[in-house]
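Asks: Structure supplied as target-v4.csv; contents: CSV, C-alpha atoms and all ligand atoms.
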chain,number,residue,atom,x,y,z
A,1,MET,CA,0.0,0.0,0.0
A,2,ASN,CA,1.4,3.4,-0.8
A,3,LYS,CA,1.6,6.2,1.7
A,4,GLU,CA,-1.3,8.1,0.1
A,5,ALA,CA,-3.7,5.2,0.3
A,6,LYS,CA,-2.7,4.5,3.9
A,7,HIS,CA,-3.3,8.1,4.8
A,8,SER,CA,-6.8,8.2,3.3
A,9,ASP,CA,-7.7,4.8,4.8
A,10,ALA,CA,-6.6,6.0,8.3
A,11,LYS,CA,-8.7,9.2,7.9
A,12,ARG,CA,-11.8,7.5,6.7
A,13,PRO,CA,-13.1,5.9,9.9
A,14,LYS,CA,-12.9,9.3,11.8
A,15,GLU,CA,-14.8,11.1,9.0
A,16,ASN,CA,-17.3,8.3,8.8
A,17,GLN,CA,-17.9,8.4,12.6
A,18,GLU,CA,-18.5,12.2,12.3
A,19,ILE,CA,-21.1,11.6,9.6
A,20,ILE,CA,-22.8,8.9,11.6
A,21,ALA,CA,-22.9,11.0,14.7
A,22,LEU,CA,-24.4,14.0,12.8
A,23,ARG,CA,-27.0,11.7,11.3
A,24,LYS,CA,-28.1,10.4,14.7
A,25,ALA,CA,-28.2,14.0,16.1
A,26,MET,CA,-30.4,15.1,13.1
A,27,SER,CA,-32.7,12.1,13.5
A,28,LYS,CA,-33.4,13.4,17.1
A,29,ALA,CA,-33.5,17.1,16.2
A,30,LEU,CA,-35.8,16.9,13.2
A,31,GLU,CA,-39.2,15.5,12.4
A,32,GLU,CA,-39.3,12.3,10.4
A,33,LYS,CA,-40.1,14.0,7.0
A,34,ARG,CA,-37.5,16.7,7.5
A,35,TYR,CA,-34.9,14.1,8.5
A,36,GLU,CA,-35.6,12.1,5.3
A,37,HIS,CA,-35.2,15.3,3.3
A,38,THR,CA,-31.9,15.9,5.1
A,39,LEU,CA,-30.5,12.5,4.2
A,40,GLY,CA,-31.6,13.1,0.6
A,41,VAL,CA,-29.7,16.5,0.5
A,42,ALA,CA,-26.6,14.9,2.1
A,43,TYR,CA,-26.4,12.1,-0.4
A,44,THR,CA,-27.2,14.4,-3.4
A,45,ALA,CA,-24.6,16.9,-2.2
A,46,ALA,CA,-22.1,14.1,-1.9
A,47,ALA,CA,-22.8,13.0,-5.5
A,48,LEU,CA,-22.4,16.6,-6.7
A,49,ALA,CA,-19.2,17.0,-4.8
A,50,MET,CA,-17.8,13.9,-6.6
A,51,ARG,CA,-18.9,15.3,-9.9
A,52,TYR,CA,-17.3,18.8,-9.3
A,53,GLY,CA,-14.2,17.8,-7.5
A,54,GLN,CA,-15.2,19.1,-4.0
A,55,SER,CA,-14.8,17.5,-0.6
A,56,VAL,CA,-17.4,14.8,-0.3
A,57,HIS,CA,-17.1,14.9,3.5
A,58,LYS,CA,-17.8,18.6,3.7
A,59,ALA,CA,-20.7,18.3,1.3
A,60,GLN,CA,-22.2,15.5,3.4
A,61,THR,CA,-21.7,17.5,6.6
A,62,ALA,CA,-23.3,20.7,5.2
A,63,GLY,CA,-26.1,18.6,3.7
A,64,LEU,CA,-26.8,16.9,7.1
A,65,LEU,CA,-26.8,20.2,9.0
A,66,HIS,CA,-28.4,22.6,6.5
A,67,ASP,CA,-31.9,22.5,8.0
A,68,CYS,CA,-30.8,21.8,11.6
A,69,ALA,CA,-32.7,24.9,12.8
A,70,LYS,CA,-35.9,23.9,11.0
A,71,ASN,CA,-37.6,22.4,14.0
A,72,LEU,CA,-37.2,25.5,16.3
A,73,THR,CA,-40.1,27.8,16.7
A,74,ASN,CA,-39.9,31.3,15.1
A,75,GLU,CA,-39.7,32.8,18.5
A,76,LYS,CA,-36.7,30.7,19.3
A,77,ARG,CA,-35.0,31.6,16.0
A,78,VAL,CA,-35.6,35.3,16.6
A,79,ASP,CA,-34.4,34.9,20.2
A,80,ILE,CA,-31.1,33.2,19.1
A,81,CYS,CA,-30.5,36.0,16.6
A,82,ARG,CA,-31.1,38.8,19.1
A,83,LYS,CA,-28.9,37.2,21.8
A,84,ASN,CA,-26.0,36.6,19.3
A,85,ASN,CA,-26.1,39.8,17.3
A,86,ILE,CA,-27.2,38.0,14.1
A,87,PRO,CA,-29.0,40.8,12.1
A,88,ILE,CA,-32.6,40.2,11.0
A,89,ASN,CA,-33.6,42.0,7.8
A,90,ALA,CA,-37.0,43.1,6.7
A,91,ALA,CA,-37.9,40.0,4.8
A,92,GLU,CA,-36.8,37.8,7.7
A,93,GLU,CA,-38.8,39.9,10.1
A,94,LYS,CA,-42.0,39.1,8.1
A,95,ASN,CA,-41.0,35.5,7.3
A,96,PRO,CA,-39.0,34.3,10.3
A,97,PHE,CA,-38.7,30.8,8.7
A,98,LEU,CA,-36.0,32.3,6.5
A,99,LEU,CA,-33.9,32.6,9.6
A,100,HIS,CA,-33.5,28.8,9.8
A,101,ALA,CA,-30.5,29.2,7.4
A,102,LYS,CA,-28.5,31.7,9.5
A,103,VAL,CA,-29.5,30.1,12.8
A,104,GLY,CA,-28.7,26.7,11.4
A,105,SER,CA,-25.2,27.9,10.6
A,106,TYR,CA,-24.9,29.3,14.1
A,107,LEU,CA,-26.0,26.0,15.7
A,108,ALA,CA,-23.7,24.0,13.3
A,109,GLN,CA,-20.9,25.9,14.9
A,110,LYS,CA,-21.9,26.2,18.5
A,111,LYS,CA,-23.9,22.9,19.0
A,112,TYR,CA,-22.4,20.6,16.4
A,113,GLY,CA,-18.8,21.7,16.5
A,114,ILE,CA,-18.3,22.7,12.9
A,115,SER,CA,-15.7,25.4,12.3
A,116,ASP,CA,-15.1,25.0,8.6
A,117,ARG,CA,-16.1,28.3,6.9
A,118,GLU,CA,-17.1,26.6,3.6
A,119,ILE,CA,-19.6,24.4,5.4
A,120,LEU,CA,-21.0,27.2,7.6
A,121,ASP,CA,-21.4,29.5,4.6
A,122,ALA,CA,-23.1,26.9,2.6
A,123,ILE,CA,-25.7,26.5,5.4
A,124,THR,CA,-26.1,30.3,5.8
A,125,TYR,CA,-26.9,30.8,2.1
A,126,HIS,CA,-28.8,27.6,1.3
A,127,THR,CA,-32.2,29.3,1.1
A,128,THR,CA,-31.5,32.6,-0.7
A,129,GLY,CA,-28.1,32.0,-2.3
A,130,ARG,CA,-25.7,35.0,-2.4
A,131,PRO,CA,-23.7,36.8,-5.2
A,132,ASP,CA,-20.5,35.0,-6.2
A,133,MET,CA,-21.4,31.7,-4.4
A,134,THR,CA,-18.6,29.1,-3.7
A,135,VAL,CA,-18.9,25.7,-5.4
A,136,MET,CA,-20.0,24.3,-2.0
A,137,ASP,CA,-22.7,27.0,-1.7
A,138,LYS,CA,-24.0,26.0,-5.1
A,139,ILE,CA,-23.9,22.3,-4.3
A,140,ILE,CA,-26.0,22.6,-1.1
A,141,TYR,CA,-28.4,25.1,-2.7
A,142,ILE,CA,-29.0,22.8,-5.7
A,143,ALA,CA,-29.1,19.5,-3.6
A,144,ASP,CA,-31.8,21.1,-1.4
A,145,TYR,CA,-33.9,21.6,-4.5
A,146,ILE,CA,-33.4,18.4,-6.4
A,147,GLU,CA,-32.9,15.7,-3.7
A,148,PRO,CA,-35.0,12.5,-4.5
A,149,GLY,CA,-37.7,13.4,-2.0
A,150,ARG,CA,-38.7,16.6,-3.8
A,151,SER,CA,-41.5,16.5,-6.3
A,152,GLN,CA,-43.1,20.0,-6.5
A,153,ALA,CA,-40.7,22.1,-8.5
A,154,PRO,CA,-41.4,22.7,-12.2
A,155,GLY,CA,-39.3,20.7,-14.7
A,156,LEU,CA,-37.5,18.7,-12.0
A,157,PRO,CA,-36.1,16.0,-14.4
A,158,GLU,CA,-34.4,18.8,-16.5
A,159,VAL,CA,-33.1,20.6,-13.4
A,160,ARG,CA,-31.7,17.3,-12.0
A,161,ARG,CA,-30.0,16.6,-15.3
A,162,LEU,CA,-28.6,20.1,-15.5
A,163,ALA,CA,-27.2,19.8,-11.9
A,164,PHE,CA,-24.8,17.1,-13.2
A,165,THR,CA,-24.0,18.7,-16.5
A,166,ASP,CA,-23.7,22.4,-15.8
A,167,LEU,CA,-23.7,23.7,-12.2
A,168,ASP,CA,-24.1,27.4,-13.1
A,169,ASP,CA,-26.9,26.8,-15.6
A,170,CYS,CA,-28.7,24.7,-13.0
A,171,LEU,CA,-28.2,27.4,-10.3
A,172,PHE,CA,-29.6,30.1,-12.6
A,173,ARG,CA,-32.6,28.0,-13.5
A,174,ILE,CA,-33.5,27.4,-9.9
A,175,LEU,CA,-32.9,31.1,-8.9
A,176,GLY,CA,-35.3,32.1,-11.8
A,177,ASP,CA,-38.0,29.5,-10.9
A,178,THR,CA,-37.8,30.5,-7.2
A,179,LEU,CA,-38.3,34.2,-8.0
A,180,ASP,CA,-41.2,33.4,-10.3
A,181,TYR,CA,-42.8,31.3,-7.6
A,182,LEU,CA,-42.3,33.9,-4.9
A,183,THR,CA,-43.7,36.6,-7.2
A,184,ALA,CA,-46.7,34.5,-8.2
A,185,SER,CA,-47.4,33.7,-4.5
A,186,LYS,CA,-47.0,37.4,-3.6
A,187,MET,CA,-44.3,36.5,-1.0
A,188,GLU,CA,-41.8,38.8,0.5
A,189,ILE,CA,-38.6,38.6,-1.5
A,190,ASP,CA,-35.4,38.6,0.5
A,191,GLU,CA,-32.8,41.1,-0.7
A,192,ALA,CA,-30.3,38.2,-1.0
A,193,THR,CA,-32.6,36.2,-3.2
A,194,ARG,CA,-33.0,39.2,-5.6
A,195,GLN,CA,-29.3,40.1,-5.5
A,196,THR,CA,-28.2,36.6,-6.2
A,197,TYR,CA,-30.5,36.3,-9.2
A,198,ASP,CA,-29.3,39.8,-10.5
A,199,TYR,CA,-25.7,38.9,-10.0
A,200,TYR,CA,-25.9,35.6,-12.0
A,201,LYS,CA,-28.1,37.3,-14.7
A,202,SER,CA,-25.5,40.0,-15.4
A,203,LEU,CA,-22.7,37.4,-15.3
A,204,ARG,CA,-24.5,35.4,-18.0
A,205,GLU,CA,-25.1,38.5,-20.1
A,206,GLN,CA,-21.4,39.5,-19.9
A,207,ASN,CA,-20.5,36.0,-21.0
A,208,THR,CA,-22.7,35.9,-24.0
A,209,GLU,CA,-21.5,39.4,-25.1
A,210,ARG,CA,-17.9,38.1,-25.5
B,1,LIG,O1,-35.8,24.4,4.2
B,1,LIG,P1,-36.3,23.8,2.9
B,1,LIG,O2,-37.8,23.8,2.7
B,1,LIG,O3,-35.7,22.4,2.7
B,1,LIG,O4,-35.7,24.6,1.7
B,1,LIG,P2,-35.2,26.2,1.7
B,1,LIG,O5,-34.4,26.5,2.9
B,1,LIG,O6,-34.6,26.4,0.4
B,1,LIG,O7,-36.6,27.0,1.8
B,1,LIG,C1,-37.4,26.9,0.7
B,1,LIG,C2,-38.5,27.9,0.7
B,1,LIG,O8,-37.9,29.2,0.9
B,1,LIG,C3,-39.2,27.9,-0.6
B,1,LIG,O9,-40.6,27.8,-0.4
B,1,LIG,C4,-38.9,29.3,-1.2
B,1,LIG,C5,-38.5,30.1,0.0
B,1,LIG,N1,-37.7,31.2,-0.3
B,1,LIG,C6,-36.5,31.3,-0.9
B,1,LIG,N2,-36.1,32.6,-1.1
B,1,LIG,C7,-37.1,33.3,-0.5
B,1,LIG,C8,-38.1,32.4,0.1
B,1,LIG,N3,-39.2,32.9,0.7
B,1,LIG,C9,-39.3,34.2,0.9
B,1,LIG,N4,-40.4,34.6,1.5
B,1,LIG,N5,-38.4,35.1,0.4
B,1,LIG,C10,-37.3,34.7,-0.3
B,1,LIG,O10,-36.5,35.6,-0.7
B,2,FE,FE,-33.8,25.1,4.4
B,3,FE,FE,-33.7,21.8,3.0
The structure in this file should be written as structure tokens.
Ligand code: DGI
Ligand code: FE
Ligand code: FE
Replies:
Amino acid sequence: MNKEAKHSDAKRPKENQEIIALRKAMSKALEEKRYEHTLGVAYTAAALAMRYGQSVHKAQTAGLLHDCAKNLTNEKRVDICRKNNIPINAAEEKNPFLLHAKVGSYLAQKKYGISDREILDAITYHTTGRPDMTVMDKIIYIADYIEPGRSQAPGLPEVRRLAFTDLDDCLFRILGDTLDYLTASKMEIDEATRQTYDYYKSLREQNTER
């Protein structure tokens, strides 16, 4: 066995144990349906990480934790933000469920011992996205939308295919469909959702001009 193989073999059990521990923690913290969704996101994110040369372990970790604040009450989420100086914007004020992303990232750090910025950011931005997303941000955002348990979104087979063929096309498609859905349902649009869409729209326009 060469050194490289030995090293990765030695590392694997610890990483696997971490994943198993997080899975157990989430099965307790979340309702059954949310837990099933969480597993779907973790496995889909792992597959996308394989496809796009990212850390499979980080993708699984972020996938497992992305909705870890979903079972808290809105009061509790607001309370955690107030006590920890996490800013609440106008859209979050009106739709406190949006806070599950920021609060989830906070809990991932404080309660579940995650310190990796890439993982924490992917959790923070999984609902709205952000301009200039990292590959890990995109993987979690997309995995959340296409995991096998999802069935509502328009054109899912095409969106799922795109996820594995062109990550940015897929991201832009989901951003557009989400804005259409929010507009049609007359829901409050978070600044970050709008800014993310605008950022990727102008990026695409620049690219086609060349
Ligand atoms: O937590 P999940 O349900 O797994 O998924 P999520 O965190 O992506 O949340 C999905 C919901 O969030 C979906 O119904 C669309 C909604 N959403 C995304 N951006 C915005 C938004 N809702 C509002 N009000 N404003 C937004 O900007
Ligand atoms: Fe979520
Ligand atoms: Fe989710």
Asks: Can you list, as a ChimeraX atom specification, every protein, DNA or RNA residue that comes within 12 Å of Arg34 (chain A) when you count only C-alpha atoms, leaving out same-chain residues fewer than 3 positions away?
Replies: /A:26-31,37-41,64-71,144,149-150
Asks: Nearest residue to ligand FE 2 (chain B) out of A:Thr178, A:Thr44, A:Lys24, A:Phe97, using only C-alpha atoms and all ligand atoms?
Replies: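 Looking only at the distances to ligand FE 2 (chain B), the closest residue turns out to be A:Phe97.
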Asks: Could you check which of A:Glu18, A:Glu209, A:Glu147, A:Asp116 is closest to ligand FE 3 (chain B), using only C-alpha atoms and all ligand atoms?
Replies: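 Looking at the shortest contact to ligand FE 3 (chain B), the residue is A:Glu147.
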Asks: Report the distance between CA of Asp190 (chain A) and CA of Ala91 (chain A) in Å, rounded to one decimal place.
Replies: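 These atoms are spaced 5.2 Å apart.
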Asks: What separation in Å, quoted to one decimal, exists between CA of Ala90 (chain A) and CA of Gly63 (chain A)?
Replies: 27.0 Å
Asks: Could you name the residues that touch Arg77 (chain A) at 7 Å or less, counting all atoms listed in the file, but leaving out those on the same chain fewer than 4 positions away, as a list in words?
Replies: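 What passes the distance filter is Leu72, Thr73, Cys81, Leu99, His100 and Val103 of chain A.
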Asks: Restricting the output to C-alpha atoms, write the selected residues as a PDB file, in the coordinates of the input.
Replies:
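As written to disk, again.pdb reads:
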ATOM      1  CA  LEU A  72     -37.200  25.500  16.300  1.00  0.00           C
ATOM      2  CA  THR A  73     -40.100  27.800  16.700  1.00  0.00           C
ATOM      3  CA  CYS A  81     -30.500  36.000  16.600  1.00  0.00           C
ATOM      4  CA  LEU A  99     -33.900  32.600   9.600  1.00  0.00           C
ATOM      5  CA  HIS A 100     -33.500  28.800   9.800  1.00  0.00           C
ATOM      6  CA  VAL A 103     -29.500  30.100  12.800  1.00  0.00           C
TER       7      VAL A 103
END
Asks: Return the single residue from A:Lys201, A:Arg161, A:His126, A:Lys94 that is closest to Ile189 (chain A), with distances computed using all atoms listed in the file.
Replies: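 Checking each of A:Lys201, A:Arg161, A:His126, A:Lys94 against Ile189 (chain A), counting all atoms listed in the file, the winner is A:Lys94.
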Asks: Would you list the contacts of Met136 (chain A) as a ChimeraX atom specification, taking every protein, DNA or RNA residue within 9 Å and counting all atoms listed in the file, but skipping same-chain residues closer than 3 positions in sequence?
Replies: /A:45,49,54-55,58-59,62,118-119,121-122,133,139-141
Asks: Could you tell me how far CA of Thr128 (chain A) sits from atom O5 of ligand LIG 1 (chain B), in Å to one decimal place?
Replies: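 Computing the Euclidean distance for atom O5 of ligand LIG 1 (chain B) and CA of Thr128 (chain A) yields 7.7 Å.
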Asks: From the set A:Ala184, A:Val135, A:Ala101, A:Leu167, which residue has the shortest atom-to-atom contact distance to ligand FE 3 (chain B), counting all atoms listed in the file?
Replies: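 Of A:Ala184, A:Val135, A:Ala101, A:Leu167, the one nearest ligand FE 3 (chain B) is A:Ala101, counting all atoms listed in the file.
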Asks: Name the residues in contact with Asp180 (chain A) at a cut-off of 12 Å, using only C-alpha atoms, excluding same-chain residues fewer than 4 positions from it; report them as a list in words.
Replies: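 Listing them by chain and then by number gives Ala153, Pro154, Arg173, Ile174, Leu175, Gly176, Ala184, Ser185, Lys186, Met187, Ile189, Thr193, Arg194 and Tyr197 of chain A.
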Asks: Have a look at A:Ala42, A:Pro131, A:Val78, A:Glu92 and name the one nearest to Tyr145 (chain A); count all atoms listed in the file.
Replies: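 Closest to Tyr145 (chain A) of all the choices is A:Ala42.
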Asks: Draw an axis-aligned box over all listed atoms of ligand LIG 1 (chain B), pad each side with 6 Å, and write its centre and edge lengths in Å, one decimal, as JSON.
Replies:
{"center_x": -37.5, "center_y": 29.0, "center_z": 1.5, "size_x": 18.2, "size_y": 25.2, "size_z": 17.4}
Asks: Of the residues A:Tyr125, A:Tyr181, A:Tyr52, A:Tyr199, which is the one nearest to ligand FE 3 (chain B), using all atoms listed in the file?
Replies: A:Tyr125
Asks: Mind rebuilding region 90-122 of chain A with N, CA and C atoms and writing that out as a compact mmCIF listing (two decimals), in the coordinates of the input?
Replies:
# COMPACT_ATOMS: atom_id res chain seq x y z
N ALA A 90 -35.59 42.92 6.79
CA ALA A 90 -37.00 43.10 6.70
C ALA A 90 -37.78 41.88 6.26
N ALA A 91 -37.23 41.17 5.27
CA ALA A 91 -37.90 40.00 4.80
C ALA A 91 -37.93 38.88 5.86
N GLU A 92 -36.86 38.78 6.62
CA GLU A 92 -36.80 37.80 7.70
C GLU A 92 -37.73 38.15 8.85
N GLU A 93 -37.89 39.45 9.06
CA GLU A 93 -38.80 39.90 10.10
C GLU A 93 -40.23 39.44 9.76
N LYS A 94 -40.60 39.53 8.49
CA LYS A 94 -42.00 39.10 8.10
C LYS A 94 -42.08 37.62 7.89
N ASN A 95 -40.99 36.97 7.52
CA ASN A 95 -41.00 35.50 7.30
C ASN A 95 -39.88 34.86 8.11
N PRO A 96 -40.07 34.75 9.42
CA PRO A 96 -39.00 34.30 10.30
C PRO A 96 -38.47 32.86 9.93
N PHE A 97 -39.24 32.11 9.12
CA PHE A 97 -38.70 30.80 8.70
C PHE A 97 -37.41 30.93 7.95
N LEU A 98 -37.26 32.10 7.26
CA LEU A 98 -36.00 32.30 6.50
C LEU A 98 -34.79 32.27 7.41
N LEU A 99 -35.00 32.60 8.69
CA LEU A 99 -33.90 32.60 9.60
C LEU A 99 -33.29 31.23 9.91
N HIS A 100 -34.00 30.15 9.49
CA HIS A 100 -33.50 28.80 9.80
C HIS A 100 -32.10 28.58 9.16
N ALA A 101 -31.80 29.35 8.11
CA ALA A 101 -30.50 29.20 7.40
C ALA A 101 -29.38 29.78 8.30
N LYS A 102 -29.53 31.07 8.67
CA LYS A 102 -28.50 31.70 9.50
C LYS A 102 -28.40 31.06 10.88
N VAL A 103 -29.55 30.75 11.48
CA VAL A 103 -29.50 30.10 12.80
C VAL A 103 -28.98 28.71 12.71
N GLY A 104 -29.26 28.04 11.60
CA GLY A 104 -28.70 26.70 11.40
C GLY A 104 -27.18 26.73 11.35
N SER A 105 -26.64 27.75 10.68
CA SER A 105 -25.20 27.90 10.60
C SER A 105 -24.62 28.17 12.00
N TYR A 106 -25.33 28.99 12.76
CA TYR A 106 -24.90 29.30 14.10
C TYR A 106 -24.89 28.01 14.98
N LEU A 107 -25.95 27.22 14.89
CA LEU A 107 -26.00 26.00 15.70
C LEU A 107 -24.98 24.96 15.19
N ALA A 108 -24.75 24.93 13.89
CA ALA A 108 -23.70 24.00 13.30
C ALA A 108 -22.40 24.27 14.04
N GLN A 109 -22.11 25.55 14.24
CA GLN A 109 -20.90 25.90 14.90
C GLN A 109 -20.89 25.66 16.40
N LYS A 110 -21.91 26.18 17.05
CA LYS A 110 -21.90 26.20 18.50
C LYS A 110 -22.36 24.81 19.10
N LYS A 111 -23.30 24.17 18.43
CA LYS A 111 -23.90 22.90 19.00
C LYS A 111 -23.24 21.68 18.40
N TYR A 112 -22.91 21.76 17.10
CA TYR A 112 -22.40 20.60 16.40
C TYR A 112 -20.93 20.60 16.10
N GLY A 113 -20.26 21.64 16.58
CA GLY A 113 -18.80 21.70 16.50
C GLY A 113 -18.16 21.87 15.18
N ILE A 114 -18.88 22.48 14.25
CA ILE A 114 -18.30 22.70 12.90
C ILE A 114 -17.59 24.06 12.89
N SER A 115 -16.35 24.08 12.40
CA SER A 115 -15.70 25.40 12.30
C SER A 115 -15.29 25.73 10.89
N ASP A 116 -15.50 24.80 9.97
CA ASP A 116 -15.10 25.00 8.60
C ASP A 116 -16.01 26.09 7.93
N ARG A 117 -15.39 27.17 7.45
CA ARG A 117 -16.10 28.30 6.90
C ARG A 117 -16.95 27.89 5.65
N GLU A 118 -16.37 27.02 4.82
CA GLU A 118 -17.10 26.60 3.60
C GLU A 118 -18.41 25.91 3.95
N ILE A 119 -18.38 25.08 4.99
CA ILE A 119 -19.60 24.40 5.40
C ILE A 119 -20.58 25.37 6.04
N LEU A 120 -20.08 26.23 6.93
CA LEU A 120 -21.00 27.20 7.60
C LEU A 120 -21.61 28.15 6.63
N ASP A 121 -20.84 28.62 5.65
CA ASP A 121 -21.40 29.50 4.60
C ASP A 121 -22.46 28.83 3.78
N ALA A 122 -22.17 27.60 3.39
CA ALA A 122 -23.10 26.90 2.60
C ALA A 122 -24.48 26.73 3.30
